[in-house]
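Asker: First the structure, then my questions, so here it is.
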Amino acid sequence: MKTASRSPFVYVAAAISGLGGLLFGYDTGVISGAILFIRKDFALSPTWVEVVVSCALVGALLGAMGGGALADRFGRRRVIIATAALFVAGALGTAVSSTVAWLIAGRIVVGIAIGVASFTTPLYISEVSPVAIRGRLVSINQLALTCGIVVSYLVDYALVDIRGWRWMFGLAAVPAAVLCAGMWWLPESPRWLVGQQATDRARAALRRIRGAEDVTAEFAVIQRSLAVQAGGWSDVFAPSIRPALVVGVGLAIFQQVTGINIVIYYAPMIFGYAGVTSASASILATVGVGVVNMVMTVVAFLLVDRVGRRPLLLAGLAGMIAGLGALGLAFRLPDLSGSLGWIAAASLMVYVGGFAVGLGPVFWLLIAEIYPLQVRGRAMSLATAANWGANLLVAVTFLTLIGLAGRSLTFWLYGLVGISAWLFAWFRVPETRGRSLEEIEAHWAAGRHPLALGTAPHTA
Ligand code: BGC
């Protein structure tokens, strides 16, 4: 196992498949700048603007729901290749669209690709990773995602003068093509191959990934966990898997209803509320939010295999709660010295930093770790669909909520939800650091409590 962790191949595999995360971030972030020009070119009413912006979320929900069964049936690699092709088609299709209907259809296609990529990327990486660095490698996905968001903001900014919304969309075809070619070259997940009884191919794939001839010990552990046959949807809801399902779906919903995407999608507007009126200042502040998101994800990347998932999750959530509390307070106080903009910006950074160190990467990591192989694709797909559904819900209710409850109360409400998320994490979320996927699987099969995983003796 020691030789295995040192092989650079697995880093290359994580970096290539991580392009799926980059595209997830780029294609969700790019719309914020593109919409300014699309609105004018197609003379869109506010309702149509909302449709164009949110149709990708609907596509993502569909992709997340359908992708799991496909990943279990056809394999992780083939599904990621098909998704990359979909990303290329969507990027080029939206870039040349001549009608609104065409544009919407193209964004739905991109959305479907985002929905599938959002969980197949962490799934593939987690299944090819050695235990000791699995957290770190899977976090490459979230790191790529946050890079994608920042790159999309910068591309939007660079293309403002030429009103280049077609280029903004079309450029995504480049990383998508690289992802397609790269996955073609990479091996299939050895764990999935074992599940398909393709033992020789599985062993060959593991050898290639580990860069070592002798993979006997690790291979035997994977094989042992597969005494049970591959399952369908009814197995996802089996009583032994239920605690894991609650953790995955619970975190999926909390990741969204604590409000991250009101910041990612509406940051310039929040800065506007706080009195930052110049467009360039609020764009700059938004880029700042994106950079904090990225940098703090690097911190998570460095710490996740050392301190574990739970401490990051709990500390990150505490930061988010503090940031939301301060933001709500800032909108309540009279702005005597004109410093509201600064206080709002600082609170948002604390909030986003907390998300990026905890709930952002840890959610995607945990759902790639906690499900048994037989149902992993489907169960991840379910948690991912819950994530996109909650994302859509927050996106369409945020402005109404602000209208009804006011700014201050709205942010406090998200803060309250953050407190429930913290309690949920404290009482239900297991520590998976240092555990092989097969050990985690055996833990559920034995009917033990999620929290006992962190303290149980090693079995594999
Ligand atoms: C979330 C996305 C969010 C992104 C921000 C991801 O983990 O799932 O909804 O936009 O983080 O970095």
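Letters A, B, ... mark the chains of the structure tokens in the order given; residue numbers begin at 1 per chain; ligand numbers begin at 1, in order shown.
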Any idea what's packed within 12 Å of Ala390 of chain A, counting only C-alpha atoms, ignoring anything in its chain fewer than 6 positions away? Could you give it as a tab-separated table (two decimals) with N, CA, C and O atoms, in the first residue's frame?
Answerer:
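Resulting contents of selection03.tsv:
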chain	number	residue	atom	x	y	z
A	57	LEU	N	-30.29	24.69	-13.90
A	57	LEU	CA	-30.51	23.98	-12.63
A	57	LEU	C	-31.50	22.84	-12.81
A	57	LEU	O	-31.35	21.77	-12.22
A	58	VAL	N	-32.53	23.09	-13.64
A	58	VAL	CA	-33.51	22.04	-13.92
A	58	VAL	C	-32.81	20.88	-14.64
A	58	VAL	O	-32.99	19.71	-14.30
A	60	ALA	N	-29.70	20.12	-14.42
A	60	ALA	CA	-28.81	19.46	-13.47
A	60	ALA	C	-29.58	18.48	-12.59
A	60	ALA	O	-29.11	17.37	-12.29
A	61	LEU	N	-30.78	18.88	-12.20
A	61	LEU	CA	-31.63	18.00	-11.39
A	61	LEU	C	-31.93	16.71	-12.18
A	61	LEU	O	-31.82	15.59	-11.65
A	249	VAL	N	-28.41	12.63	2.15
A	249	VAL	CA	-29.49	13.51	1.70
A	249	VAL	C	-29.59	14.72	2.64
A	249	VAL	O	-29.80	15.85	2.19
A	250	GLY	N	-29.38	14.49	3.94
A	250	GLY	CA	-29.41	15.60	4.90
A	250	GLY	C	-28.35	16.63	4.58
A	250	GLY	O	-28.63	17.83	4.47
A	251	LEU	N	-27.13	16.18	4.37
A	251	LEU	CA	-26.05	17.13	4.05
A	251	LEU	C	-26.31	17.82	2.71
A	251	LEU	O	-25.99	19.00	2.53
A	252	ALA	N	-26.89	17.05	1.76
A	252	ALA	CA	-27.18	17.62	0.43
A	252	ALA	C	-28.10	18.83	0.58
A	252	ALA	O	-27.86	19.89	0.00
A	253	ILE	N	-29.14	18.65	1.39
A	253	ILE	CA	-30.12	19.73	1.55
A	253	ILE	C	-29.50	20.87	2.35
A	253	ILE	O	-29.59	22.03	1.97
A	254	PHE	N	-28.80	20.52	3.46
A	254	PHE	CA	-28.19	21.59	4.26
A	254	PHE	C	-27.15	22.37	3.46
A	254	PHE	O	-26.98	23.56	3.65
A	255	GLN	N	-26.44	21.69	2.53
A	255	GLN	CA	-25.42	22.42	1.76
A	255	GLN	C	-26.05	23.57	0.97
A	255	GLN	O	-25.43	24.60	0.75
A	256	GLN	N	-27.31	23.38	0.57
A	256	GLN	CA	-27.96	24.42	-0.22
A	256	GLN	C	-28.81	25.37	0.61
A	256	GLN	O	-28.76	26.59	0.38
A	257	VAL	N	-29.57	24.83	1.59
A	257	VAL	CA	-30.49	25.73	2.29
A	257	VAL	C	-29.79	26.62	3.32
A	257	VAL	O	-30.41	27.48	3.91
A	258	THR	N	-28.48	26.44	3.49
A	258	THR	CA	-27.74	27.41	4.28
A	258	THR	C	-27.30	28.58	3.39
A	258	THR	O	-26.59	29.47	3.84
A	259	GLY	N	-27.71	28.54	2.11
A	259	GLY	CA	-27.66	29.76	1.28
A	259	GLY	C	-26.42	30.04	0.46
A	259	GLY	O	-26.27	31.15	-0.05
A	260	ILE	N	-25.54	29.05	0.24
A	260	ILE	CA	-24.30	29.37	-0.47
A	260	ILE	C	-24.54	30.01	-1.83
A	260	ILE	O	-23.86	30.95	-2.23
A	261	ASN	N	-25.55	29.51	-2.54
A	261	ASN	CA	-25.69	30.01	-3.91
A	261	ASN	C	-26.38	31.36	-4.02
A	261	ASN	O	-26.32	31.97	-5.08
A	383	ALA	N	-28.67	11.63	-3.49
A	383	ALA	CA	-28.21	12.76	-2.68
A	383	ALA	C	-27.94	13.97	-3.57
A	383	ALA	O	-28.26	15.11	-3.21
A	384	THR	N	-27.37	13.73	-4.75
A	384	THR	CA	-27.07	14.84	-5.66
A	384	THR	C	-28.35	15.49	-6.17
A	384	THR	O	-28.43	16.72	-6.27
A	396	VAL	N	-35.08	30.19	-6.40
A	396	VAL	CA	-36.34	30.83	-6.77
A	396	VAL	C	-37.06	31.47	-5.60
A	396	VAL	O	-38.01	32.20	-5.79
A	397	THR	N	-36.63	31.21	-4.36
A	397	THR	CA	-37.35	31.81	-3.23
A	397	THR	C	-36.59	32.96	-2.58
A	397	THR	O	-37.17	33.73	-1.82
A	398	PHE	N	-35.29	33.10	-2.89
A	398	PHE	CA	-34.48	34.09	-2.19
A	398	PHE	C	-35.05	35.51	-2.32
A	398	PHE	O	-35.25	36.21	-1.31
Asker: Produce as a compact mmCIF listing (two decimals) with N, CA, C and O atoms, in the first residue's frame the set of residues near ligand 1, where near means within 6 Å with only C-alpha atoms and all ligand atoms considered.
Answerer:
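Below is the file part-v9.txt, written as the result:
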# COMPACT_ATOMS: atom_id res chain seq x y z
N THR A 146 -14.36 25.43 -7.65
CA THR A 146 -14.22 26.83 -7.24
C THR A 146 -13.33 27.60 -8.22
O THR A 146 -13.57 28.77 -8.49
N ASN A 261 -25.55 29.51 -2.54
CA ASN A 261 -25.69 30.01 -3.91
C ASN A 261 -26.38 31.36 -4.02
O ASN A 261 -26.32 31.97 -5.08
N GLY A 360 -18.77 22.65 1.75
CA GLY A 360 -18.55 22.58 0.30
C GLY A 360 -17.87 21.27 -0.10
O GLY A 360 -18.49 20.39 -0.72
N PRO A 361 -16.60 21.10 0.28
CA PRO A 361 -15.93 19.86 -0.13
C PRO A 361 -16.39 18.63 0.64
O PRO A 361 -16.45 17.53 0.08
Asker: Please identify the alpha helix (DSSP H) residues within segment 183-412 of chain A (assignment by DSSP from backbone atoms) and present them as a PyMOL selection string.
Answerer: chain A and resi 183-185+190-195+199-210+216-224+233-236+242-257+260-273+279-303+309-332+340-357+359-369+376-412
Asker: Please identify all polymer residues within 8 Å of Gly21 of chain A, counting only C-alpha atoms, omitting same-chain residues fewer than 2 positions from it, and present them as a short mmCIF file (atom, residue, chain, number, x, y, z; two decimals) with all heavy atoms, in the first residue's frame.
Answerer:
data_model
loop_
_atom_site.label_atom_id
_atom_site.label_comp_id
_atom_site.auth_asym_id
_atom_site.auth_seq_id
_atom_site.Cartn_x
_atom_site.Cartn_y
_atom_site.Cartn_z
N SER A 17 -10.06 13.84 -14.26
CA SER A 17 -11.49 13.74 -14.02
C SER A 17 -12.00 14.97 -13.29
O SER A 17 -13.17 15.35 -13.42
CB SER A 17 -11.83 12.45 -13.26
OG SER A 17 -10.96 12.30 -12.17
N GLY A 18 -11.09 15.65 -12.56
CA GLY A 18 -11.46 16.90 -11.88
C GLY A 18 -11.92 17.99 -12.85
O GLY A 18 -12.57 18.95 -12.44
N LEU A 19 -11.59 17.82 -14.15
CA LEU A 19 -12.10 18.78 -15.13
C LEU A 19 -13.63 18.80 -15.15
O LEU A 19 -14.24 19.80 -15.51
CB LEU A 19 -11.57 18.44 -16.54
CG LEU A 19 -10.08 18.76 -16.78
CD1 LEU A 19 -9.63 18.20 -18.12
CD2 LEU A 19 -9.86 20.27 -16.74
N LEU A 23 -15.78 22.22 -15.00
CA LEU A 23 -16.90 22.56 -15.90
C LEU A 23 -18.17 22.84 -15.11
O LEU A 23 -18.94 23.73 -15.47
CB LEU A 23 -17.12 21.40 -16.88
CG LEU A 23 -16.08 21.36 -17.99
CD1 LEU A 23 -15.95 19.97 -18.57
CD2 LEU A 23 -16.43 22.37 -19.08
N PHE A 24 -18.38 22.10 -14.02
CA PHE A 24 -19.51 22.34 -13.12
C PHE A 24 -19.45 23.80 -12.64
O PHE A 24 -20.41 24.57 -12.76
CB PHE A 24 -19.42 21.31 -11.98
CG PHE A 24 -20.31 21.48 -10.76
CD1 PHE A 24 -21.24 22.48 -10.63
CD2 PHE A 24 -20.20 20.56 -9.71
CE1 PHE A 24 -22.04 22.60 -9.49
CE2 PHE A 24 -20.99 20.66 -8.57
CZ PHE A 24 -21.90 21.68 -8.46
N GLY A 25 -18.28 24.22 -12.17
CA GLY A 25 -18.13 25.58 -11.66
C GLY A 25 -18.23 26.62 -12.77
O GLY A 25 -18.95 27.61 -12.64
N ALA A 117 -22.00 15.23 -13.99
CA ALA A 117 -20.59 15.42 -13.61
C ALA A 117 -20.45 15.70 -12.12
O ALA A 117 -19.47 15.30 -11.49
CB ALA A 117 -19.98 16.57 -14.41
N SER A 118 -21.47 16.40 -11.53
CA SER A 118 -21.32 16.82 -10.15
C SER A 118 -21.10 15.63 -9.20
O SER A 118 -20.45 15.77 -8.18
CB SER A 118 -22.52 17.67 -9.69
OG SER A 118 -23.72 16.95 -9.77
N THR A 121 -17.78 12.68 -10.96
CA THR A 121 -16.37 13.04 -10.74
C THR A 121 -15.89 12.59 -9.35
O THR A 121 -14.94 11.83 -9.25
CB THR A 121 -16.15 14.55 -10.94
OG1 THR A 121 -16.66 14.93 -12.20
CG2 THR A 121 -14.70 14.93 -10.82
N ASN A 141 -11.88 17.80 -6.73
CA ASN A 141 -13.11 18.11 -7.46
C ASN A 141 -13.68 19.47 -7.03
O ASN A 141 -13.98 20.33 -7.86
CB ASN A 141 -14.13 17.00 -7.20
CG ASN A 141 -15.49 17.31 -7.78
OD1 ASN A 141 -15.61 17.55 -8.96
ND2 ASN A 141 -16.50 17.33 -6.93
N GLN A 142 -13.80 19.69 -5.71
CA GLN A 142 -14.36 20.96 -5.23
C GLN A 142 -13.40 22.11 -5.53
O GLN A 142 -13.83 23.23 -5.83
CB GLN A 142 -14.64 20.87 -3.72
CG GLN A 142 -15.17 22.13 -3.08
CD GLN A 142 -16.64 22.41 -3.39
OE1 GLN A 142 -17.37 21.57 -3.88
NE2 GLN A 142 -17.10 23.64 -3.10
N LEU A 143 -12.10 21.82 -5.48
CA LEU A 143 -11.11 22.85 -5.79
C LEU A 143 -11.26 23.28 -7.26
O LEU A 143 -11.27 24.48 -7.57
CB LEU A 143 -9.71 22.26 -5.55
CG LEU A 143 -8.56 23.24 -5.47
CD1 LEU A 143 -8.84 24.30 -4.43
CD2 LEU A 143 -7.27 22.49 -5.12
N ALA A 144 -11.40 22.29 -8.15
CA ALA A 144 -11.57 22.59 -9.57
C ALA A 144 -12.87 23.36 -9.78
O ALA A 144 -12.93 24.30 -10.58
CB ALA A 144 -11.59 21.29 -10.36
N LEU A 145 -13.89 23.00 -9.01
CA LEU A 145 -15.19 23.67 -9.12
C LEU A 145 -15.05 25.17 -8.77
O LEU A 145 -15.52 26.03 -9.49
CB LEU A 145 -16.11 22.97 -8.13
CG LEU A 145 -17.62 23.09 -8.12
CD1 LEU A 145 -18.18 22.11 -7.14
CD2 LEU A 145 -18.14 24.45 -7.86
N GLY A 148 -13.26 26.93 -11.38
CA GLY A 148 -14.16 27.14 -12.52
C GLY A 148 -15.02 28.38 -12.33
O GLY A 148 -15.23 29.16 -13.26
#
Asker: If we count only C-alpha atoms and set the cut-off at 12 Å, which residues sit around segment 446-453 of chain A, ignoring sequence neighbours fewer than 5 positions away in its own chain? Please answer as number ranges by chain.
Answerer: A: 238-248, 310, 370, 424-437, 439-441, 458-459
Asker: By how many Å are atom CA of Tyr124 of chain A and atom CA of Val30 of chain A apart?
Answerer: 25.6 Å
Asker: Quick one: residues within 9 Å of Trp184 of chain A, only C-alpha atoms, excluding same-chain residues fewer than 2 positions away - as an MDAnalysis selection string?
Answerer: chainID A and resid 77:78 81 179:182 186:187
Asker: Could you write out that same residue set with all heavy atoms as a compact mmCIF listing (two decimals), in the first residue's frame?
Answerer:
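Output contents, as saved in again_8.txt:
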# COMPACT_ATOMS: atom_id res chain seq x y z
N ARG A 77 -16.37 5.47 -16.03
CA ARG A 77 -15.58 6.07 -17.09
C ARG A 77 -16.44 6.39 -18.32
O ARG A 77 -16.41 7.50 -18.83
CB ARG A 77 -14.44 5.11 -17.44
CG ARG A 77 -13.59 5.54 -18.60
CD ARG A 77 -12.45 4.56 -18.82
NE ARG A 77 -11.89 4.71 -20.15
CZ ARG A 77 -12.32 4.06 -21.21
NH1 ARG A 77 -13.30 3.19 -21.12
NH2 ARG A 77 -11.74 4.27 -22.38
N ARG A 78 -17.21 5.42 -18.76
CA ARG A 78 -18.02 5.64 -19.96
C ARG A 78 -19.03 6.77 -19.75
O ARG A 78 -19.27 7.58 -20.64
CB ARG A 78 -18.75 4.37 -20.35
CG ARG A 78 -17.99 3.65 -21.46
CD ARG A 78 -18.75 2.43 -21.90
NE ARG A 78 -18.28 1.27 -21.17
CZ ARG A 78 -18.87 0.08 -21.21
NH1 ARG A 78 -19.97 -0.10 -21.90
NH2 ARG A 78 -18.36 -0.93 -20.55
N ILE A 81 -17.22 10.06 -20.00
CA ILE A 81 -16.91 10.39 -21.40
C ILE A 81 -18.15 10.95 -22.10
O ILE A 81 -18.10 11.98 -22.78
CB ILE A 81 -16.39 9.13 -22.15
CG1 ILE A 81 -15.01 8.73 -21.61
CG2 ILE A 81 -16.30 9.39 -23.66
CD1 ILE A 81 -14.46 7.43 -22.15
N LEU A 179 -11.36 16.74 -21.16
CA LEU A 179 -11.93 15.73 -20.25
C LEU A 179 -12.29 14.46 -21.02
O LEU A 179 -12.01 13.34 -20.59
CB LEU A 179 -13.18 16.31 -19.55
CG LEU A 179 -13.97 15.35 -18.67
CD1 LEU A 179 -13.15 14.88 -17.48
CD2 LEU A 179 -15.27 16.02 -18.16
N CYS A 180 -12.91 14.65 -22.19
CA CYS A 180 -13.34 13.52 -23.01
C CYS A 180 -12.13 12.67 -23.42
O CYS A 180 -12.11 11.45 -23.20
CB CYS A 180 -14.04 14.07 -24.24
SG CYS A 180 -15.04 12.88 -25.09
N ALA A 181 -11.11 13.33 -23.95
CA ALA A 181 -9.92 12.60 -24.40
C ALA A 181 -9.20 11.96 -23.22
O ALA A 181 -8.75 10.82 -23.28
CB ALA A 181 -9.00 13.55 -25.15
N GLY A 182 -9.11 12.70 -22.11
CA GLY A 182 -8.39 12.21 -20.93
C GLY A 182 -9.06 10.98 -20.33
O GLY A 182 -8.39 10.01 -19.97
N LEU A 186 -7.79 7.12 -19.50
CA LEU A 186 -7.73 6.59 -18.13
C LEU A 186 -8.45 5.24 -18.02
O LEU A 186 -9.35 4.96 -18.80
CB LEU A 186 -8.40 7.58 -17.15
CG LEU A 186 -7.61 8.85 -16.81
CD1 LEU A 186 -8.47 9.78 -15.97
CD2 LEU A 186 -6.33 8.49 -16.07
N PRO A 187 -8.07 4.42 -17.04
CA PRO A 187 -8.76 3.15 -16.87
C PRO A 187 -10.11 3.32 -16.16
O PRO A 187 -10.34 4.33 -15.50
CB PRO A 187 -7.81 2.36 -15.98
CG PRO A 187 -7.06 3.39 -15.21
CD PRO A 187 -6.96 4.61 -16.09
Asker: Name the closest residue to Val295 of chain A among the candidates A:Phe355, A:Phe411, A:Phe74, A:Trp233; distances are taken between atoms, counting only C-alpha atoms.
Answerer: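 For Val295 of chain A, the nearest of the candidates is A:Phe355.
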Asker: Ranking A:Ile104, A:Leu154, A:Ser280, A:Gly59 by minimum distance to Ala385 of chain A and counting only C-alpha atoms, which one comes first?
Answerer: A:Gly59
Asker: If you measure from atom CA of Ala91 of chain A to atom CA of Ser126 of chain A, what distance in Å do you get, rounded to one decimal?
Answerer: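 If I compute the distance from atom CA of Ala91 of chain A to atom CA of Ser126 of chain A, I get 27.6 Å.
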